[in-house]
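Remarks on the structure that follows.
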Amino acid sequence: MSRHDAAGSGEPVGAPPAAASGLSERTARVLLAHWPLGGLVHAVARMRSSVHFKLLAAFLLIAFVVALVGLISLEIMSRMSAQSEAMHRAHQRVTSAQDAQHALAMQMNYTAMALILRDEATIASILRENNRLNAMLAEVEDAAPPEEREIIQRIRGAQSDVMATVADVANLVRDGKIDQAMNLQLKSGFPLFQQVEGLVEQVVRIEERNMARQRNATALANRHAIYLMGGLVIAALLLALLLGFVTSWSFILPVRQAHTFLSRVAKGDFSTTVTVDNRDEFGELAAQMNRMSAELSRLYEEQRAAARQLEMLNTQLARASQAKSEFLANMSHELRTPMNAILGFTEMILDDIYGTVPPQLRDPIEDVRTCGQQLLRLINDVLDLSKIEAGRMELSLTDYSVQEVVETARTSLRALAEEKGLDFTAEVEPDLPVAYGDGKRITQCLTNLVGNALKFTKRGRVSIKACLAGDRVVYSVADTGIGIPADQLDQIFGEFRQVDASISREFGGTGLGLSITKTFVELHGGTIWVESEPGLGSTFHFAVPLRVAEPTGATEAV
Amino acid sequence: MSQKRVLLVEDNEFNRKIVRNLLAKQPYELLEAHDGEAGVAAARRDRPDVIVMDVQLPKLSGLDATRALRAEPETANIPIIVVTSFALSGDQKKAMDAGASAYLAKPYSPRQLLETIRKMIGDA
């Protein structure tokens with residue numbers, strides 16, 4: 001009975017959709033708050049049958065009531081028709097009684113006329129009126145009440161005396177004995193007439209009274225019929241309204257509950273449940289929705305736990321990555337300090353600061369310098385990588401010469417090419433305009449590619465080319481080395497990537513160079529790509545804008 | 001006119017030795033300091049003609065030392081060559097902002113350092 005309590009205390013019964021509020025909504029609220037209606041709605045909701053059955057039952061019940069009203073109306077109409085028939089008959093009897101009265105009067109009149117006119121025709125008229133009187137009496141006598149019948153018998157008896165006297169008067173008139181006839185008429189005929197007239201008068205009164213009674217009865221019956229019909233129609237109407245209201249609200253209420261519930265779920269409140277009294281499809285639906293909500297809640301909790309775990313993992317990873325970058329940067333610094341001393345001392349020895357270097361020592365000392373520089377490049381690569389990973393790599397934009405870039409790369413590696421006995425050429429398109437970008441980094445890129453080419457080529461040729469293609473400078477490094485299998489081509493620009501482990505054993509290297517080169521090329525807004533034929537050689541290209549667009553802030557000129 | 005004086009502020013003995021050897025045959029007098037505080041003290045006391053200042057120093061960093069010297073009128077005009085081995089992007093800007101006259105990234109070539117010193121103070 002919780003529904004009643006809720007409705008009785010005037011609480012809103014499920015939030016209606018905004019458009020539905022209004023006068024009809026307020027009316028419905030008031031009606032629901034009223035105990036019998038709220039109770040009925042509740043009872044219909046709790047009926048253990050399908051929505052289809054409930055709707056069908058309500059419609060059939062209304063249809064039955066309408067049919068009943070129709071039948072009762074037919075019955076009333078037939079009763080009214082019978083009443084008017086009776087009325088008509090009563091009227092007919094009054095008319096007949098009056099006709100009898102009239103016939104008697106005419107008979108008297110003709111008897112008097114016969115005494116004056118003394119002809120057969122008038123006498124015949126007396127007989128005709130006598131017959132009319134008898135016929136009218138017969139009509140009235142039919143279906144007459146007993147006391148009336150008795151009066152009519154008395155009329156017949158008196159009338160036969162009248163007719164006997166009339167016959168005597170007629171005979172005296174035929175015989176010319178007018179005085180005797182007149183005397184007979186006055187003495188015997190007239191009193192008899194008066195007696196009959198009085199009796200007929202009584203019959204007329206009775207019939208008139210009957211008719212008046214019938215009229216009253218008919219009027220009463222009509223009034224009753226109108227009341228009955230009206231009452232039935234109003235009752236049918238009320239029943240239809242009641243059934244419609246109760247049925248529809250037993251469906252609307254759970255829909256409202258479901259609406260409120262779904263709104264909450266849509267807002268992310270998965271702990272909510274929907275309570276519906278219905279034991280029909282709506283009840284089933286509510287149970288399903290509760291199951292859905294529980295499942296959603298479970299999934300949400302799981303997902304949140306997973307997200308928390310991921311977030312924690314992510315933080316740990318970010319911290320580890322940061323630690324790694326810092327470690328690399330610090331290591332690079334610690335490595336560069338002794339490198340400074342090694343290269344510095346070597347350079348000063350070769351510059352004869354410590355006296356002239358004996359010829360047999362110059363070569364190994366130069367080797368020390370070459371290896372030292374190689375080691376420095378490696379350290380620089382590691383530092384660059386840590387900066388790239390930390391997102392702190394920026395370009396120093398300035399004017400530079402493409403010719404100089406190629407020349408620097410060639411000069412720094414010429415010794416290596418000569419040592420391996422490789423043909424080493426460089427070709428730059430003449431009259432290239434001054435380029436704008438990070439010349440040092442472009443040089444580093446080209447040096448990386450050339451260094452790789454020399455490393456992976458045992459015999460043949462390594463050639464550098466630089467030319468202008470539209471508004472881009474394309475640098476190409478071609479070799480006749482071991483080449484790269486087609487399925488590895490798109491992987492080699494990743495960090496620490498070499499074609500396979502045996503390659504690094506045979507040729508050495510960290511696999512950092514290409515990854516860093518790619519990053520620098522892309523920081524310039526350029527692209528890098530490679531064409532290769534295993535066994536025949538590879539050609540690496542990179543294209544950078546001749547003049548790099550100046551980014552807003554965050555750069556500095558050297 | 002006496003020899004021009006170069007103050008080297010550097011904590012690593014080998015790197016100090018490089019500069020010592022490099023300037024041995026040059027007409028410069030070399031003064032040495034092992035940390036930032038000693039460097040600032042030496043600069044105040046001796047008023048060198050040029051200072052070669054490492055950045056990563058114990059006690060007081062090369063950049064802070066440079067700022068300190070620039071803040072004092074007696075030392076504000078001494079050329080300072082800042083040397084760093086922590087060549088992150090923006091280090092040069094930081095050095096220049098601190099008041100450095102020139103900037104060298106380690107490892108530098110001794111030849112390059114000598115040229116820079118000459119550029120700052122001339123031969124004799």
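Residue names in the structure tokens use chain letters A, B, ... in the order shown, residue numbers from 1 in each chain, and ligand numbers from 1 in the order shown.
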Next on the checklist: Would you mind listing, as JSON, numbers by chain, all residues of chain B that have at least one atom within 10 Å of chain A, where only C-alpha atoms are what counts?
Outcome noted: {"B": [12, 13, 14, 15, 16, 17, 18, 19, 21, 22, 23, 24, 25, 56, 84, 85, 86, 87, 88, 89, 90, 92, 93, 105, 106, 107, 108, 109, 110, 111]}
Next on the checklist: So that I can check the surroundings of A:Pro534, please list as a list in words every protein, DNA and RNA residue that reaches within 8 Å of it, counting only C-alpha atoms and ignoring chain neighbours fewer than 2 positions away.
Outcome noted: Ile482, Gly483, Ile484, Pro485, Ser532, Leu536, Gly537 and Ser538 of chain A
Kindly export the residues of the current selection with C-alpha atoms, as a PDB file, in the first residue's frame.
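selection.pdb written:
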```
ATOM      1  CA  ILE A 482      75.082  -4.930 -48.036  1.00  0.00           C
ATOM      2  CA  GLY A 483      71.661  -3.329 -48.607  1.00  0.00           C
ATOM      3  CA  ILE A 484      68.484  -3.719 -46.553  1.00  0.00           C
ATOM      4  CA  PRO A 485      65.748  -6.359 -47.070  1.00  0.00           C
ATOM      5  CA  SER A 532      67.697  -0.410 -51.169  1.00  0.00           C
ATOM      6  CA  LEU A 536      73.688  -4.163 -54.324  1.00  0.00           C
ATOM      7  CA  GLY A 537      73.507  -1.204 -51.956  1.00  0.00           C
ATOM      8  CA  SER A 538      71.284   1.462 -50.467  1.00  0.00           C
TER       9      SER A 538
END
```
Among chain B, which ones does DSSP place in strand (DSSP E), written as a PDB file with N, CA and C atoms, in the first residue's frame?
```pdb
ATOM      1  N   LYS B   4      99.224  40.127 -19.696  1.00  0.00           N
ATOM      2  CA  LYS B   4      97.787  40.035 -19.450  1.00  0.00           C
ATOM      3  C   LYS B   4      97.516  38.788 -18.615  1.00  0.00           C
ATOM      4  N   ARG B   5      96.526  38.881 -17.751  1.00  0.00           N
ATOM      5  CA  ARG B   5      96.253  37.761 -16.849  1.00  0.00           C
ATOM      6  C   ARG B   5      94.926  37.073 -17.174  1.00  0.00           C
ATOM      7  N   VAL B   6      95.037  35.763 -17.199  1.00  0.00           N
ATOM      8  CA  VAL B   6      93.844  34.938 -17.479  1.00  0.00           C
ATOM      9  C   VAL B   6      93.490  34.172 -16.211  1.00  0.00           C
ATOM     10  N   LEU B   7      92.232  34.326 -15.756  1.00  0.00           N
ATOM     11  CA  LEU B   7      91.783  33.544 -14.595  1.00  0.00           C
ATOM     12  C   LEU B   7      90.978  32.356 -15.100  1.00  0.00           C
ATOM     13  N   LEU B   8      91.416  31.124 -14.738  1.00  0.00           N
ATOM     14  CA  LEU B   8      90.689  29.909 -15.128  1.00  0.00           C
ATOM     15  C   LEU B   8      89.958  29.367 -13.903  1.00  0.00           C
ATOM     16  N   VAL B   9      88.645  29.284 -14.001  1.00  0.00           N
ATOM     17  CA  VAL B   9      87.857  28.691 -12.898  1.00  0.00           C
ATOM     18  C   VAL B   9      87.351  27.342 -13.391  1.00  0.00           C
ATOM     19  N   TYR B  28     100.704  35.134 -21.610  1.00  0.00           N
ATOM     20  CA  TYR B  28      99.666  35.370 -20.614  1.00  0.00           C
ATOM     21  C   TYR B  28     100.081  34.786 -19.291  1.00  0.00           C
ATOM     22  N   GLU B  29      99.601  35.418 -18.215  1.00  0.00           N
ATOM     23  CA  GLU B  29      99.818  34.847 -16.886  1.00  0.00           C
ATOM     24  C   GLU B  29      98.527  34.131 -16.495  1.00  0.00           C
ATOM     25  N   LEU B  30      98.671  32.880 -16.045  1.00  0.00           N
ATOM     26  CA  LEU B  30      97.465  32.097 -15.723  1.00  0.00           C
ATOM     27  C   LEU B  30      97.231  32.054 -14.227  1.00  0.00           C
ATOM     28  N   LEU B  31      96.025  32.426 -13.820  1.00  0.00           N
ATOM     29  CA  LEU B  31      95.615  32.271 -12.425  1.00  0.00           C
ATOM     30  C   LEU B  31      94.574  31.156 -12.414  1.00  0.00           C
ATOM     31  N   GLU B  32      94.540  30.340 -11.313  1.00  0.00           N
ATOM     32  CA  GLU B  32      93.600  29.222 -11.279  1.00  0.00           C
ATOM     33  C   GLU B  32      92.728  29.270 -10.027  1.00  0.00           C
ATOM     34  N   ALA B  33      91.479  28.881 -10.197  1.00  0.00           N
ATOM     35  CA  ALA B  33      90.575  28.712  -9.053  1.00  0.00           C
ATOM     36  C   ALA B  33      89.826  27.415  -9.254  1.00  0.00           C
ATOM     37  N   VAL B  50      90.882  38.521 -18.353  1.00  0.00           N
ATOM     38  CA  VAL B  50      89.806  37.690 -18.902  1.00  0.00           C
ATOM     39  C   VAL B  50      89.598  36.505 -17.957  1.00  0.00           C
ATOM     40  N   ILE B  51      88.347  36.025 -17.891  1.00  0.00           N
ATOM     41  CA  ILE B  51      88.057  34.860 -17.044  1.00  0.00           C
ATOM     42  C   ILE B  51      87.513  33.745 -17.928  1.00  0.00           C
ATOM     43  N   VAL B  52      88.068  32.521 -17.774  1.00  0.00           N
ATOM     44  CA  VAL B  52      87.496  31.337 -18.430  1.00  0.00           C
ATOM     45  C   VAL B  52      86.741  30.582 -17.338  1.00  0.00           C
ATOM     46  N   MET B  53      85.423  30.519 -17.470  1.00  0.00           N
ATOM     47  CA  MET B  53      84.571  30.048 -16.372  1.00  0.00           C
ATOM     48  C   MET B  53      83.827  28.776 -16.784  1.00  0.00           C
ATOM     49  N   ASP B  54      84.113  27.667 -16.071  1.00  0.00           N
ATOM     50  CA  ASP B  54      83.327  26.439 -16.288  1.00  0.00           C
ATOM     51  C   ASP B  54      81.936  26.657 -15.660  1.00  0.00           C
ATOM     52  N   ILE B  80      84.205  37.507 -19.741  1.00  0.00           N
ATOM     53  CA  ILE B  80      84.105  36.148 -19.179  1.00  0.00           C
ATOM     54  C   ILE B  80      83.733  35.180 -20.300  1.00  0.00           C
ATOM     55  N   ILE B  81      84.564  34.136 -20.489  1.00  0.00           N
ATOM     56  CA  ILE B  81      84.260  33.077 -21.466  1.00  0.00           C
ATOM     57  C   ILE B  81      83.662  31.914 -20.685  1.00  0.00           C
ATOM     58  N   VAL B  82      82.381  31.617 -20.930  1.00  0.00           N
ATOM     59  CA  VAL B  82      81.714  30.539 -20.186  1.00  0.00           C
ATOM     60  C   VAL B  82      81.858  29.237 -20.951  1.00  0.00           C
ATOM     61  N   VAL B  83      82.275  28.174 -20.230  1.00  0.00           N
ATOM     62  CA  VAL B  83      82.477  26.854 -20.848  1.00  0.00           C
ATOM     63  C   VAL B  83      81.528  25.862 -20.166  1.00  0.00           C
ATOM     64  N   THR B  84      80.775  25.108 -20.965  1.00  0.00           N
ATOM     65  CA  THR B  84      79.881  24.112 -20.353  1.00  0.00           C
ATOM     66  C   THR B  84      80.006  22.777 -21.050  1.00  0.00           C
ATOM     67  N   ALA B 102      81.483  35.369 -24.039  1.00  0.00           N
ATOM     68  CA  ALA B 102      81.550  34.349 -25.092  1.00  0.00           C
ATOM     69  C   ALA B 102      81.155  33.015 -24.472  1.00  0.00           C
ATOM     70  N   TYR B 103      80.877  32.043 -25.360  1.00  0.00           N
ATOM     71  CA  TYR B 103      80.385  30.755 -24.873  1.00  0.00           C
ATOM     72  C   TYR B 103      81.071  29.644 -25.643  1.00  0.00           C
ATOM     73  N   LEU B 104      81.572  28.635 -24.930  1.00  0.00           N
ATOM     74  CA  LEU B 104      82.181  27.478 -25.591  1.00  0.00           C
ATOM     75  C   LEU B 104      81.555  26.213 -25.018  1.00  0.00           C
ATOM     76  N   ALA B 105      81.274  25.250 -25.918  1.00  0.00           N
ATOM     77  CA  ALA B 105      80.724  23.980 -25.449  1.00  0.00           C
ATOM     78  C   ALA B 105      81.853  22.973 -25.362  1.00  0.00           C
TER      79      ALA B 105
END
```
Checklist entry - Between atom CA of A:Val406 and atom CA of A:Arg441, what is the distance, to one decimal in Å? => result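 A separation of 12.3 Å between them.
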Item to check | DSSP alpha helix (DSSP H) residues within chain B, listed as a PyMOL selection string | outcome: chain B and resi 13-24+36-46+62-71+91-98+110-121
Checklist entry - Contacts of stretch 430-433 of chain A at 10 Å or less, counting only C-alpha atoms, minus same-chain residues fewer than 2 places along, as an MDAnalysis selection string? => result chainID A and resid 400:403 427:428 435:436 466:468 473 546:547
